[in-house]
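Undergrad: One file is attached below, work-v5.csv, containing CSV, C-alpha atoms and all ligand atoms.
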chain,number,residue,atom,x,y,z
Z,1,MET,CA,110.7,65.9,72.5
Z,2,ARG,CA,110.1,68.9,74.6
Z,3,ARG,CA,113.1,70.6,76.1
Z,4,GLU,CA,112.7,72.5,79.3
Z,5,THR,CA,115.2,74.5,81.2
Z,6,LEU,CA,114.9,74.8,84.9
Z,7,SER,CA,116.9,77.5,86.8
Z,8,ILE,CA,119.0,77.0,89.9
Z,9,PRO,CA,120.2,80.1,91.7
Z,10,GLY,CA,124.0,80.4,91.7
Z,11,SER,CA,126.2,80.5,94.7
Z,12,THR,CA,126.7,84.3,94.4
Z,13,SER,CA,125.3,87.4,92.7
Z,14,GLY,CA,125.4,87.3,88.9
Z,15,LEU,CA,125.4,83.5,88.6
Z,16,SER,CA,122.7,81.1,87.7
Z,17,ILE,CA,122.7,77.5,86.6
Z,18,ASP,CA,120.5,75.7,84.0
Z,19,LEU,CA,119.1,72.2,84.4
Z,20,THR,CA,117.9,70.8,81.1
Z,21,VAL,CA,115.0,68.4,81.1
Z,22,LEU,CA,114.0,66.4,78.0
Z,23,ARG,CA,110.5,65.1,77.9
Z,24,PHE,CA,109.2,62.4,75.6
Z,25,GLY,CA,105.7,60.9,75.1
Z,26,THR,CA,102.6,62.3,76.7
Z,27,PRO,CA,102.7,64.2,80.0
Z,28,GLY,CA,100.9,62.2,82.7
Z,29,ALA,CA,100.8,59.0,80.7
Z,30,ASN,CA,101.7,55.7,82.4
Z,31,PRO,CA,104.2,54.4,83.1
Z,32,LYS,CA,106.3,57.4,83.9
Z,33,ILE,CA,110.0,56.7,83.4
Z,34,TYR,CA,112.7,59.0,84.8
Z,35,ILE,CA,116.4,58.7,83.7
Z,36,GLN,CA,119.2,60.9,84.8
Z,37,ALA,CA,122.9,60.8,84.0
Z,38,GLY,CA,126.0,62.3,85.7
Z,39,LEU,CA,124.8,63.1,89.2
Z,40,HIS,CA,128.4,62.3,89.9
Z,41,ALA,CA,129.5,64.7,87.2
Z,42,ASP,CA,132.8,63.1,86.3
Z,43,GLU,CA,131.1,59.8,85.4
Z,44,THR,CA,130.9,60.4,81.7
Z,45,PRO,CA,129.6,57.0,80.4
Z,46,GLY,CA,126.2,58.0,81.6
Z,47,HIS,CA,126.3,61.3,79.7
Z,48,LEU,CA,127.1,59.5,76.5
Z,49,THR,CA,124.4,56.9,77.1
Z,50,ALA,CA,121.9,59.7,77.7
Z,51,HIS,CA,123.0,61.2,74.4
Z,52,HIS,CA,122.2,57.9,72.6
Z,53,LEU,CA,118.9,57.6,74.5
Z,54,ARG,CA,117.9,61.1,73.4
Z,55,GLN,CA,118.4,60.2,69.8
Z,56,ARG,CA,116.7,56.8,70.1
Z,57,LEU,CA,113.8,58.2,72.1
Z,58,THR,CA,113.3,61.0,69.6
Z,59,ALA,CA,113.0,58.4,66.8
Z,60,LEU,CA,110.7,56.3,68.9
Z,61,GLU,CA,108.5,59.3,69.6
Z,62,ASP,CA,108.4,60.2,65.9
Z,63,ALA,CA,107.3,56.7,65.2
Z,64,GLY,CA,104.5,57.0,67.8
Z,65,ARG,CA,105.9,54.2,70.0
Z,66,ILE,CA,106.3,55.9,73.3
Z,67,LYS,CA,103.2,54.8,75.3
Z,68,GLY,CA,104.1,56.3,78.6
Z,69,GLU,CA,106.1,59.4,79.6
Z,70,VAL,CA,109.9,59.5,79.6
Z,71,VAL,CA,111.8,62.2,81.4
Z,72,LEU,CA,115.5,62.3,80.6
Z,73,ILE,CA,118.0,64.6,82.3
Z,74,PRO,CA,121.2,64.2,80.3
Z,75,VAL,CA,123.3,66.3,82.7
Z,76,ALA,CA,121.9,65.8,86.2
Z,77,ASN,CA,124.7,67.8,87.8
Z,78,PRO,CA,125.7,71.0,86.0
Z,79,ILE,CA,127.2,72.3,89.3
Z,80,GLY,CA,129.6,69.4,89.5
Z,81,LEU,CA,130.3,69.5,85.8
Z,82,ALA,CA,131.7,73.0,86.2
Z,83,GLN,CA,134.1,72.1,89.1
Z,84,GLN,CA,137.8,72.0,88.3
Z,85,VAL,CA,140.7,72.9,90.5
Z,86,ASN,CA,144.1,73.4,88.9
Z,87,GLY,CA,143.0,71.6,85.8
Z,88,VAL,CA,141.6,68.6,87.7
Z,89,PHE,CA,137.9,67.8,87.3
Z,90,HIS,CA,136.0,67.1,90.5
Z,91,GLY,CA,132.5,65.8,89.9
Z,92,ARG,CA,131.8,63.5,92.9
Z,93,PHE,CA,132.0,65.9,95.9
Z,94,ASP,CA,130.6,69.4,96.1
Z,95,LEU,CA,133.6,71.7,96.4
Z,96,SER,CA,131.6,74.2,98.4
Z,97,ASP,CA,131.3,71.8,101.4
Z,98,GLY,CA,132.8,68.4,100.5
Z,99,GLY,CA,129.5,66.6,100.4
Z,100,ASN,CA,128.9,63.7,98.0
Z,101,PHE,CA,126.4,64.9,95.4
Z,102,ASN,CA,124.6,61.5,95.7
Z,103,ARG,CA,123.9,61.6,99.4
Z,104,TYR,CA,121.4,63.3,101.7
Z,105,PHE,CA,118.5,63.7,99.3
Z,106,PRO,CA,115.4,64.9,101.2
Z,107,GLU,CA,113.8,62.2,103.3
Z,108,LEU,CA,110.0,62.7,103.1
Z,109,THR,CA,108.5,59.6,104.8
Z,110,ASP,CA,107.8,61.1,108.2
Z,111,GLU,CA,105.9,64.1,106.8
Z,112,VAL,CA,103.8,62.1,104.4
Z,113,ALA,CA,103.1,59.4,107.0
Z,114,GLU,CA,101.6,62.0,109.2
Z,115,VAL,CA,99.3,63.3,106.5
Z,116,LEU,CA,98.4,59.9,105.1
Z,117,ALA,CA,97.6,58.1,108.4
Z,118,SER,CA,93.9,58.6,108.2
Z,119,GLN,CA,93.6,58.3,104.4
Z,120,LEU,CA,95.2,55.0,103.3
Z,121,GLY,CA,92.9,52.1,102.7
Z,122,SER,CA,92.6,48.9,100.7
Z,123,ASP,CA,92.5,50.4,97.3
Z,124,SER,CA,96.2,50.3,96.1
Z,125,GLN,CA,95.7,52.6,93.1
Z,126,LYS,CA,94.0,55.2,95.3
Z,127,ASN,CA,96.8,54.9,97.8
Z,128,VAL,CA,99.5,55.3,95.1
Z,129,ALA,CA,97.8,58.6,94.0
Z,130,LEU,CA,97.5,59.8,97.6
Z,131,ILE,CA,101.1,59.0,98.4
Z,132,ARG,CA,102.5,60.6,95.2
Z,133,SER,CA,100.5,63.8,95.9
Z,134,ALA,CA,101.7,63.8,99.5
Z,135,LEU,CA,105.3,63.3,98.5
Z,136,LYS,CA,105.1,66.2,96.0
Z,137,THR,CA,103.5,68.4,98.6
Z,138,ALA,CA,106.0,67.5,101.3
Z,139,LEU,CA,108.9,68.3,98.9
Z,140,ALA,CA,107.4,71.6,97.8
Z,141,ALA,CA,107.3,72.6,101.5
Z,142,ARG,CA,111.0,72.3,101.7
Z,143,LYS,CA,113.0,75.4,101.2
Z,144,PRO,CA,116.4,74.7,99.6
Z,145,VAL,CA,119.1,77.2,100.3
Z,146,THR,CA,122.4,76.2,98.6
Z,147,PRO,CA,122.7,75.6,94.8
Z,148,THR,CA,123.2,71.9,95.5
Z,149,ASP,CA,120.1,71.7,97.7
Z,150,HIS,CA,118.2,73.4,94.9
Z,151,LEU,CA,119.5,70.9,92.4
Z,152,LYS,CA,118.6,67.9,94.6
Z,153,HIS,CA,115.1,69.4,95.0
Z,154,LEU,CA,114.5,69.8,91.3
Z,155,LEU,CA,115.8,66.3,90.5
Z,156,LEU,CA,113.8,64.6,93.1
Z,157,ASN,CA,110.7,66.6,92.2
Z,158,GLU,CA,110.9,65.2,88.6
Z,159,ALA,CA,111.5,61.6,89.8
Z,160,ILE,CA,109.4,61.3,93.0
Z,161,ASP,CA,106.1,60.4,91.1
Z,162,ALA,CA,107.8,58.2,88.4
Z,163,ASP,CA,107.1,54.5,88.2
Z,164,ILE,CA,110.7,53.6,87.2
Z,165,VAL,CA,113.8,55.6,88.0
Z,166,LEU,CA,117.2,54.9,86.5
Z,167,ASP,CA,120.1,56.9,88.0
Z,168,ILE,CA,123.1,56.3,85.7
Z,169,HIS,CA,126.6,56.3,87.2
Z,170,CYS,CA,129.9,54.5,86.8
Z,171,ASP,CA,132.7,53.3,89.1
Z,172,SER,CA,136.4,53.8,88.7
Z,173,GLU,CA,137.1,50.7,86.7
Z,174,ALA,CA,134.2,48.3,86.7
Z,175,ALA,CA,131.9,45.7,85.2
Z,176,VAL,CA,128.3,46.8,84.8
Z,177,HIS,CA,126.5,46.5,88.1
Z,178,LEU,CA,123.3,47.8,89.8
Z,179,TYR,CA,122.2,48.9,93.2
Z,180,THR,CA,118.6,48.6,94.2
Z,181,LEU,CA,116.3,47.8,97.2
Z,182,THR,CA,116.0,44.1,98.1
Z,183,PRO,CA,112.3,43.9,97.4
Z,184,GLN,CA,112.8,45.4,93.9
Z,185,ALA,CA,115.3,42.7,92.9
Z,186,GLU,CA,112.8,40.9,90.6
Z,187,ASP,CA,111.7,44.2,89.0
Z,188,PHE,CA,115.2,45.1,87.9
Z,189,ALA,CA,116.5,41.6,87.1
Z,190,PRO,CA,115.5,41.9,83.4
Z,191,LEU,CA,117.4,45.3,83.2
Z,192,GLY,CA,120.5,43.7,84.7
Z,193,ALA,CA,120.2,40.7,82.3
Z,194,TYR,CA,119.8,42.9,79.2
Z,195,LEU,CA,122.9,44.9,80.3
Z,196,GLY,CA,124.9,41.8,81.2
Z,197,ALA,CA,125.4,43.1,84.7
Z,198,LYS,CA,128.0,41.1,86.7
Z,199,ALA,CA,126.6,42.2,90.1
Z,200,VAL,CA,123.2,43.3,91.4
Z,201,LEU,CA,123.6,44.6,94.9
Z,202,LEU,CA,120.7,44.7,97.3
Z,203,ALA,CA,119.9,46.5,100.5
Z,204,THR,CA,116.8,47.8,102.2
Z,205,GLU,CA,118.9,50.8,103.3
Z,206,SER,CA,122.3,51.7,102.0
Z,207,GLY,CA,122.8,54.7,104.2
Z,208,ASP,CA,122.8,58.5,103.8
Z,209,ASN,CA,119.8,58.5,101.4
Z,210,PRO,CA,121.2,58.4,97.9
Z,211,PHE,CA,119.0,59.6,95.0
Z,212,ASP,CA,117.5,56.2,94.1
Z,213,GLU,CA,116.5,55.4,97.7
Z,214,ALA,CA,115.0,58.9,98.1
Z,215,VAL,CA,112.5,57.8,95.4
Z,216,SER,CA,112.1,54.1,96.4
Z,217,ARG,CA,112.4,53.9,100.2
Z,218,PRO,CA,109.3,56.0,101.1
Z,219,TRP,CA,107.1,53.2,99.7
Z,220,LEU,CA,108.9,50.5,101.7
Z,221,GLN,CA,108.8,52.6,104.8
Z,222,LEU,CA,105.1,53.3,104.3
Z,223,GLN,CA,104.4,49.6,103.9
Z,224,GLU,CA,106.1,49.0,107.2
Z,225,ARG,CA,104.2,51.8,109.0
Z,226,PHE,CA,100.8,51.0,107.6
Z,227,PRO,CA,100.7,47.2,107.3
Z,228,ALA,CA,97.0,47.1,106.9
Z,229,ALA,CA,96.9,49.4,103.9
Z,230,ALA,CA,97.5,48.2,100.3
Z,231,ILE,CA,100.8,49.9,99.3
Z,232,PRO,CA,102.7,48.7,96.4
Z,233,LEU,CA,106.4,49.6,95.7
Z,234,ALA,CA,105.2,52.2,93.1
Z,235,GLY,CA,108.5,54.1,92.9
Z,236,LEU,CA,111.0,51.5,91.5
Z,237,ALA,CA,114.5,53.0,91.4
Z,238,THR,CA,118.0,51.7,90.7
Z,239,THR,CA,121.5,53.1,90.6
Z,240,LEU,CA,123.0,51.8,87.4
Z,241,GLU,CA,126.8,51.7,87.2
Z,242,LEU,CA,127.9,51.6,83.5
Z,243,ARG,CA,131.4,50.2,84.0
Z,244,GLY,CA,134.4,52.5,84.7
Z,245,ARG,CA,135.1,56.2,84.0
Z,246,ALA,CA,137.2,55.6,80.9
Z,247,ASP,CA,134.6,53.2,79.3
Z,248,VAL,CA,133.2,55.9,77.1
Z,249,SER,CA,132.5,54.8,73.5
Z,250,ASP,CA,129.7,54.9,71.0
Z,251,ALA,CA,129.7,51.2,70.9
Z,252,LEU,CA,129.2,50.8,74.6
Z,253,ALA,CA,126.7,53.6,74.9
Z,254,SER,CA,124.7,52.3,72.0
Z,255,THR,CA,124.6,48.8,73.4
Z,256,ASP,CA,123.6,50.1,76.9
Z,257,SER,CA,120.9,52.5,75.6
Z,258,GLU,CA,119.4,49.6,73.6
Z,259,ALA,CA,119.4,47.4,76.7
Z,260,ILE,CA,117.6,50.2,78.6
Z,261,LEU,CA,115.1,50.6,75.8
Z,262,ASN,CA,114.5,46.9,75.8
Z,263,TYR,CA,113.7,47.1,79.5
Z,264,LEU,CA,111.4,50.0,79.0
Z,265,THR,CA,109.6,48.1,76.3
Z,266,LEU,CA,109.3,45.1,78.6
Z,267,ARG,CA,107.8,47.5,81.2
Z,268,GLY,CA,105.2,48.8,78.7
Z,269,ALA,CA,106.6,52.3,78.3
Z,270,ILE,CA,107.5,51.7,74.7
Z,271,ALA,CA,105.3,49.9,72.2
Z,272,GLY,CA,106.8,46.7,70.7
Z,273,THR,CA,107.9,43.2,71.6
Z,274,PRO,CA,111.1,43.2,73.7
Z,275,PRO,CA,113.8,40.6,73.1
Z,276,THR,CA,113.7,37.5,75.3
Z,277,VAL,CA,115.3,38.4,78.6
Z,278,PRO,CA,118.7,36.6,78.8
Z,279,THR,CA,119.8,34.5,81.8
Z,280,PRO,CA,121.3,36.9,84.3
Z,281,ALA,CA,125.1,36.8,84.3
Z,282,ALA,CA,125.1,36.9,88.1
Z,283,PRO,CA,122.5,36.3,90.9
Z,284,PRO,CA,121.7,39.3,93.1
Z,285,THR,CA,123.8,39.5,96.3
Z,286,PRO,CA,123.4,41.5,99.5
Z,287,LEU,CA,125.2,44.9,99.5
Z,288,ALA,CA,126.2,43.9,103.0
Z,289,GLY,CA,128.1,41.0,101.4
Z,290,THR,CA,130.4,43.2,99.4
Z,291,GLU,CA,134.0,43.1,100.5
Z,292,ALA,CA,135.8,46.4,100.2
Z,293,LEU,CA,139.5,45.7,99.7
Z,294,THR,CA,141.7,48.4,101.2
Z,295,ALA,CA,145.4,49.0,101.0
Z,296,PRO,CA,147.1,48.1,104.3
Z,297,ARG,CA,150.0,50.3,103.4
Z,298,PRO,CA,151.0,52.8,100.6
Z,299,GLY,CA,152.6,51.5,97.4
Z,300,ILE,CA,152.4,50.9,93.7
Z,301,VAL,CA,149.4,48.8,93.1
Z,302,VAL,CA,149.6,46.0,90.5
Z,303,PHE,CA,146.3,44.2,90.1
Z,304,GLU,CA,146.4,40.4,89.7
Z,305,LYS,CA,142.6,40.1,88.8
Z,306,GLU,CA,140.6,41.9,86.1
Z,307,VAL,CA,137.2,43.5,86.7
Z,308,GLY,CA,134.4,41.0,86.4
Z,309,ALA,CA,136.6,38.1,87.5
Z,310,SER,CA,135.2,35.3,89.7
Z,311,ILE,CA,137.2,35.3,93.0
Z,312,LYS,CA,137.8,32.7,95.7
Z,313,ALA,CA,138.6,33.6,99.3
Z,314,GLY,CA,142.4,33.7,99.5
Z,315,ASP,CA,143.0,34.8,95.9
Z,316,VAL,CA,145.6,37.5,95.5
Z,317,ILE,CA,143.7,40.6,94.1
Z,318,ALA,CA,146.7,43.0,94.0
Z,319,ARG,CA,150.3,43.4,95.0
Z,320,LEU,CA,151.4,46.6,96.7
Z,321,ILE,CA,155.1,47.5,96.0
Z,322,ASP,CA,157.0,49.9,98.2
Z,323,PRO,CA,159.5,51.3,95.7
Z,324,VAL,CA,161.8,52.5,98.5
Z,325,SER,CA,162.2,49.3,100.5
Z,326,GLY,CA,161.5,47.0,97.6
Z,327,GLU,CA,159.0,45.1,99.8
Z,328,GLU,CA,155.8,43.6,98.3
Z,329,THR,CA,152.5,43.2,100.2
Z,330,LEU,CA,149.8,40.9,98.9
Z,331,VAL,CA,146.2,41.9,99.2
Z,332,HIS,CA,144.0,38.8,99.4
Z,333,ALA,CA,140.2,38.4,99.1
Z,334,THR,CA,138.5,37.1,102.1
Z,335,THR,CA,135.2,36.3,100.4
Z,336,ASP,CA,134.1,34.4,97.3
Z,337,GLY,CA,132.4,36.5,94.7
Z,338,VAL,CA,132.9,38.8,91.7
Z,339,LEU,CA,135.5,41.5,91.6
Z,340,PHE,CA,133.1,44.1,90.1
Z,341,ALA,CA,135.1,47.3,90.7
Z,342,ARG,CA,138.7,48.4,91.1
Z,343,SER,CA,140.3,51.8,91.9
Z,344,THR,CA,141.9,53.7,89.1
Z,345,GLY,CA,145.0,55.1,90.8
Z,346,ARG,CA,148.2,53.0,90.6
Z,347,PHE,CA,149.9,54.5,93.5
Z,348,VAL,CA,147.8,54.2,96.6
Z,349,HIS,CA,148.0,55.6,100.1
Z,350,ALA,CA,147.4,53.5,103.2
Z,351,GLY,CA,143.6,52.9,103.7
Z,352,LYS,CA,142.7,53.5,100.0
Z,353,ARG,CA,139.9,51.4,98.7
Z,354,LEU,CA,141.4,49.1,96.0
Z,355,GLY,CA,138.3,47.2,94.8
Z,356,LYS,CA,135.0,45.6,95.6
Z,357,ILE,CA,133.9,42.0,95.6
Z,358,ALA,CA,130.2,41.1,95.5
Z,359,GLY,CA,129.8,38.1,97.9
Z,360,ALA,CA,126.7,36.2,98.8
Z,361,LYS,CA,127.3,36.2,102.6
Z,362,GLU,CA,126.6,39.3,104.7
Z,363,ILE,CA,129.8,40.6,106.2
Z,364,ARG,CA,129.1,44.3,106.9
Z,365,SER,CA,126.4,46.4,108.5
Z,366,GLY,CA,125.7,50.1,108.9
Z,367,LYS,CA,126.5,52.5,106.0
Z,368,LEU,CA,127.2,50.3,103.0
Z,369,LEU,CA,128.2,52.7,100.2
Z,370,SER,CA,131.6,54.2,99.4
Z,371,PRO,CA,132.2,57.7,100.7
J,1,ZN,ZN,128.4,57.8,90.9
Spell out the structure here as structure tokens.
Ligand SMILES: [Zn+2]
TA:
Amino acid sequence: MRRETLSIPGSTSGLSIDLTVLRFGTPGANPKIYIQAGLHADETPGHLTAHHLRQRLTALEDAGRIKGEVVLIPVANPIGLAQQVNGVFHGRFDLSDGGNFNRYFPELTDEVAEVLASQLGSDSQKNVALIRSALKTALAARKPVTPTDHLKHLLLNEAIDADIVLDIHCDSEAAVHLYTLTPQAEDFAPLGAYLGAKAVLLATESGDNPFDEAVSRPWLQLQERFPAAAIPLAGLATTLELRGRADVSDALASTDSEAILNYLTLRGAIAGTPPTVPTPAAPPTPLAGTEALTAPRPGIVVFEKEVGASIKAGDVIARLIDPVSGEETLVHATTDGVLFARSTGRFVHAGKRLGKIAGAKEIRSGKLLSP
């Protein structure tokens, strides 16, 4: 393992921020795997899973079993990890401007399309090399200003030429689930199956360019712009949600890291024979089919369904109790599916998102992710 420290300018004089990158295998070897944890800095299951991965990858490297290159960033967001106000940890939104750390990564497709228009042909391997080089060049031309822009720049620079990118997150309370591009569903089906994912959520554009789509969507967009050229989806990326914030244990992190390593073995990054891929626990569903349950009024929330439960339209998911009037309001599902996530708070204000159900029928459009 080679440990490298990249520097991010701080927000003011006298401050600087370190981003630690762990590199395994041979630089430049294929496939290149990129894994980061904690872009939302208060999502600790990813940090612990990365810790387990670091140990396992070190052992695999010592055994000569890493065939490709693996880049692991165990703390992808040191800026967010440092944020606390009055003793409360804030890792999802940048306190300097309120922005979600996992939105608005650089969109590079327009720049690279202009450069590549006269160069792409029928040789897909040559096209992949050209596109990766153009993406790196386009990113290098960007001049980040704020610390968070610098952080996004460094993360994307490490991931943009990878074959497979895993961005590890978690939800409030949740079953394991994945987000990925619709045409990548088959590529990530084995990962979901090894992890026992209860939902795999697909979209061709989720909105506001989260990290995984900053890596994967340029390939899809270039396919659309240059239909005559041979362009594979060479930057496969997924957002991996490892349950809920409090689901932090060595047992879970060990199981999850083994599942990830099994997938990397299947993809040829690690030498060995991977276990047979289990039958997926759930078929992929469109992200546009996810029902976001919201509280119609404030109250104490009492959930009637557990995360991972199969739901039928009409089921009562939660009761909202007004402790002043004594009234109860039932929150019903309007779609069949799997309740893959719930909110953590047990007193909610009107409009608060209470949970998410992965349904098979598209019911939403526009921006599809949570704020
Ligand atoms: Zn997250």
Undergrad: Which one of Z:Val331, Z:Ala246, Z:Ala193, Z:Leu339 sits closest to Tyr263 of chain Z if you count all atoms listed in the file?
TA: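 Nearest to Tyr263 of chain Z: Z:Ala193.
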Undergrad: Give as a PDB file with C-alpha atoms, in the frame of the given file the residues surrounding ligand ZN 1 (chain J) up to a distance of 10 Å, considering only C-alpha atoms and all ligand atoms.
TA:
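New file result-v8.pdb:
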ATOM      1  CA  ALA Z  37     122.900  60.800  84.000  1.00  0.00           C
ATOM      2  CA  GLY Z  38     126.000  62.300  85.700  1.00  0.00           C
ATOM      3  CA  LEU Z  39     124.800  63.100  89.200  1.00  0.00           C
ATOM      4  CA  HIS Z  40     128.400  62.300  89.900  1.00  0.00           C
ATOM      5  CA  ALA Z  41     129.500  64.700  87.200  1.00  0.00           C
ATOM      6  CA  ASP Z  42     132.800  63.100  86.300  1.00  0.00           C
ATOM      7  CA  GLU Z  43     131.100  59.800  85.400  1.00  0.00           C
ATOM      8  CA  THR Z  44     130.900  60.400  81.700  1.00  0.00           C
ATOM      9  CA  GLY Z  46     126.200  58.000  81.600  1.00  0.00           C
ATOM     10  CA  GLY Z  91     132.500  65.800  89.900  1.00  0.00           C
ATOM     11  CA  ARG Z  92     131.800  63.500  92.900  1.00  0.00           C
ATOM     12  CA  ASN Z 100     128.900  63.700  98.000  1.00  0.00           C
ATOM     13  CA  PHE Z 101     126.400  64.900  95.400  1.00  0.00           C
ATOM     14  CA  ASN Z 102     124.600  61.500  95.700  1.00  0.00           C
ATOM     15  CA  ASP Z 167     120.100  56.900  88.000  1.00  0.00           C
ATOM     16  CA  ILE Z 168     123.100  56.300  85.700  1.00  0.00           C
ATOM     17  CA  HIS Z 169     126.600  56.300  87.200  1.00  0.00           C
ATOM     18  CA  CYS Z 170     129.900  54.500  86.800  1.00  0.00           C
ATOM     19  CA  ASP Z 171     132.700  53.300  89.100  1.00  0.00           C
ATOM     20  CA  SER Z 172     136.400  53.800  88.700  1.00  0.00           C
ATOM     21  CA  THR Z 239     121.500  53.100  90.600  1.00  0.00           C
ATOM     22  CA  LEU Z 240     123.000  51.800  87.400  1.00  0.00           C
ATOM     23  CA  GLU Z 241     126.800  51.700  87.200  1.00  0.00           C
ATOM     24  CA  LEU Z 242     127.900  51.600  83.500  1.00  0.00           C
ATOM     25  CA  ARG Z 245     135.100  56.200  84.000  1.00  0.00           C
ATOM     26  CA  SER Z 370     131.600  54.200  99.400  1.00  0.00           C
TER      27      SER Z 370
END
Undergrad: In Å, rounded to a single decimal, give me how far atom CA of Asp322 of chain Z is from atom CA of Val301 of chain Z.
TA: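 Computing it gives 9.2 Å between the two atoms.
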Undergrad: How many Å separate atom CA of Val71 of chain Z from atom CA of Ala175 of chain Z?
TA: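 Computed distance, atom CA of Val71 of chain Z to atom CA of Ala175 of chain Z, equals 26.3 Å.
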Undergrad: When distances are computed from all atoms listed in the file, which of Z:Lys361, Z:Lys67, Z:His47, Z:Arg243 shows the smallest separation from Asn30 of chain Z?
TA: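 So, comparing all the options, the nearest one is Z:Lys67.
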Undergrad: Would you mind telling me which residue in Z:Leu354, Z:Val176, Z:Ala269, Z:Ala230 lies nearest to Val128 of chain Z when using all atoms listed in the file?
TA: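 Distance minimum relative to Val128 of chain Z lands on Z:Ala230.
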Undergrad: Just the number, please: distance in Å from atom CA of Glu205 of chain Z to atom CA of Lys367 of chain Z, one decimal.
TA: 8.2 Å
Undergrad: Counting all atoms listed in the file, what is within 8 Å of Thr238 of chain Z, bar same-chain residues fewer than 3 positions away, as a ChimeraX atom specification?
TA: /Z:165-167,178-181,188,212
Undergrad: Go through segment 92-197 of chain Z and flag each residue having an atom no more than 9 Å from segment 272-292 of chain Z; for those, report the closest pair of atoms plus their distance in Å to one decimal, using all atoms listed in the file, ordered by chain and rising number, as CSV.
TA:
residue,atom,partner,partner_atom,distance
Z:Tyr179,CA,Z:Leu287,CA,8.0
Z:Thr182,CA,Z:Pro286,CA,8.0
Z:Ala185,CA,Z:Pro284,CA,7.2
Z:Ala189,CA,Z:Pro280,CA,7.3
Z:Pro190,CA,Z:Val277,CA,5.9
Z:Leu191,CA,Z:Val277,CA,8.6
Z:Gly192,CA,Z:Pro280,CA,6.9
Z:Ala193,CA,Z:Pro280,CA,4.4
Z:Tyr194,CA,Z:Val277,CA,6.4
Z:Gly196,CA,Z:Ala281,CA,5.9
Z:Ala197,CA,Z:Ala281,CA,6.3
Undergrad: Can I get the selection written as a PDB file, keeping the file's coordinate frame, with C-alpha atoms?
TA:
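Done, and the output landed in out-v5.pdb:
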ATOM      1  CA  TYR Z 179     122.200  48.900  93.200  1.00  0.00           C
ATOM      2  CA  THR Z 182     116.000  44.100  98.100  1.00  0.00           C
ATOM      3  CA  ALA Z 185     115.300  42.700  92.900  1.00  0.00           C
ATOM      4  CA  ALA Z 189     116.500  41.600  87.100  1.00  0.00           C
ATOM      5  CA  PRO Z 190     115.500  41.900  83.400  1.00  0.00           C
ATOM      6  CA  LEU Z 191     117.400  45.300  83.200  1.00  0.00           C
ATOM      7  CA  GLY Z 192     120.500  43.700  84.700  1.00  0.00           C
ATOM      8  CA  ALA Z 193     120.200  40.700  82.300  1.00  0.00           C
ATOM      9  CA  TYR Z 194     119.800  42.900  79.200  1.00  0.00           C
ATOM     10  CA  GLY Z 196     124.900  41.800  81.200  1.00  0.00           C
ATOM     11  CA  ALA Z 197     125.400  43.100  84.700  1.00  0.00           C
TER      12      ALA Z 197
END
Undergrad: Fewer than 2 positions away in the same chain doesn't count, so skip those; otherwise give me all residues within 10 Å of Asn157 of chain Z, counting all atoms listed in the file, as a list in words.
TA: Leu135, Lys136, Thr137, Leu139, Ala140, Leu151, Lys152, His153, Leu154, Leu155, Ala159, Ile160, Asp161, Ala162 and Val215 of chain Z
Undergrad: Have a look at Z:Gly68, Z:Pro296, Z:Gly268, Z:Gly337 and name the one nearest to His349 of chain Z; count only C-alpha atoms.
TA: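 When distances to His349 of chain Z are compared using only C-alpha atoms, the smallest one comes from Z:Pro296.
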Undergrad: Between Z:Ala174, Z:Leu252, Z:Leu108, Z:Leu201, which residue has the minimum interatomic distance to Pro218 of chain Z, considering all atoms listed in the file?
TA: Z:Leu108
Undergrad: Taking 3 positions as the minimum chain separation for residues in the same chain, which residues sit within 6 Å of Glu69 of chain Z when counting only C-alpha atoms? Answer as a ChimeraX atom specification.
TA: /Z:24-27,29,32
Undergrad: Could you tell me which of Z:Leu330, Z:Leu195, Z:Ala129, Z:Ile311 comes closest to Asn262 of chain Z if we count only C-alpha atoms?
TA: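 Nearest to Asn262 of chain Z: Z:Leu195.
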Undergrad: How big is the axis-aligned box, and where does its centre sit, when it encloses all atoms of segment 99-115 of chain Z listed in the file and has 3 Å added on every side, reported in Å to one decimal as JSON?
TA:
{"center_x": 114.4, "center_y": 63.0, "center_z": 102.3, "size_x": 36.2, "size_y": 13.2, "size_z": 19.8}
Undergrad: Near Asp110 of chain Z, within 12 Å and counting all atoms listed in the file, which residues show up once chain neighbours fewer than 3 positions away are dropped, as a list in words?
TA: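 After dropping sequence-adjacent residues, the list is Pro106, Glu107, Ala113, Glu114, Val115, Leu116, Ala117, Ala134, Leu135, Ala138, Leu139, Arg217, Pro218, Trp219, Gln221, Leu222 and Arg225 of chain Z.
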Undergrad: Name all residues at most 8 Å from Ala333 of chain Z (count only C-alpha atoms; drop same-chain ones fewer than 2 positions away) and give them as a PDB file with C-alpha atoms, in the coordinates of the input.
TA:
ATOM      1  CA  GLU Z 291     134.000  43.100 100.500  1.00  0.00           C
ATOM      2  CA  LEU Z 293     139.500  45.700  99.700  1.00  0.00           C
ATOM      3  CA  ILE Z 311     137.200  35.300  93.000  1.00  0.00           C
ATOM      4  CA  LYS Z 312     137.800  32.700  95.700  1.00  0.00           C
ATOM      5  CA  ALA Z 313     138.600  33.600  99.300  1.00  0.00           C
ATOM      6  CA  GLY Z 314     142.400  33.700  99.500  1.00  0.00           C
ATOM      7  CA  ASP Z 315     143.000  34.800  95.900  1.00  0.00           C
ATOM      8  CA  VAL Z 316     145.600  37.500  95.500  1.00  0.00           C
ATOM      9  CA  ILE Z 317     143.700  40.600  94.100  1.00  0.00           C
ATOM     10  CA  VAL Z 331     146.200  41.900  99.200  1.00  0.00           C
ATOM     11  CA  THR Z 335     135.200  36.300 100.400  1.00  0.00           C
ATOM     12  CA  ASP Z 336     134.100  34.400  97.300  1.00  0.00           C
TER      13      ASP Z 336
END
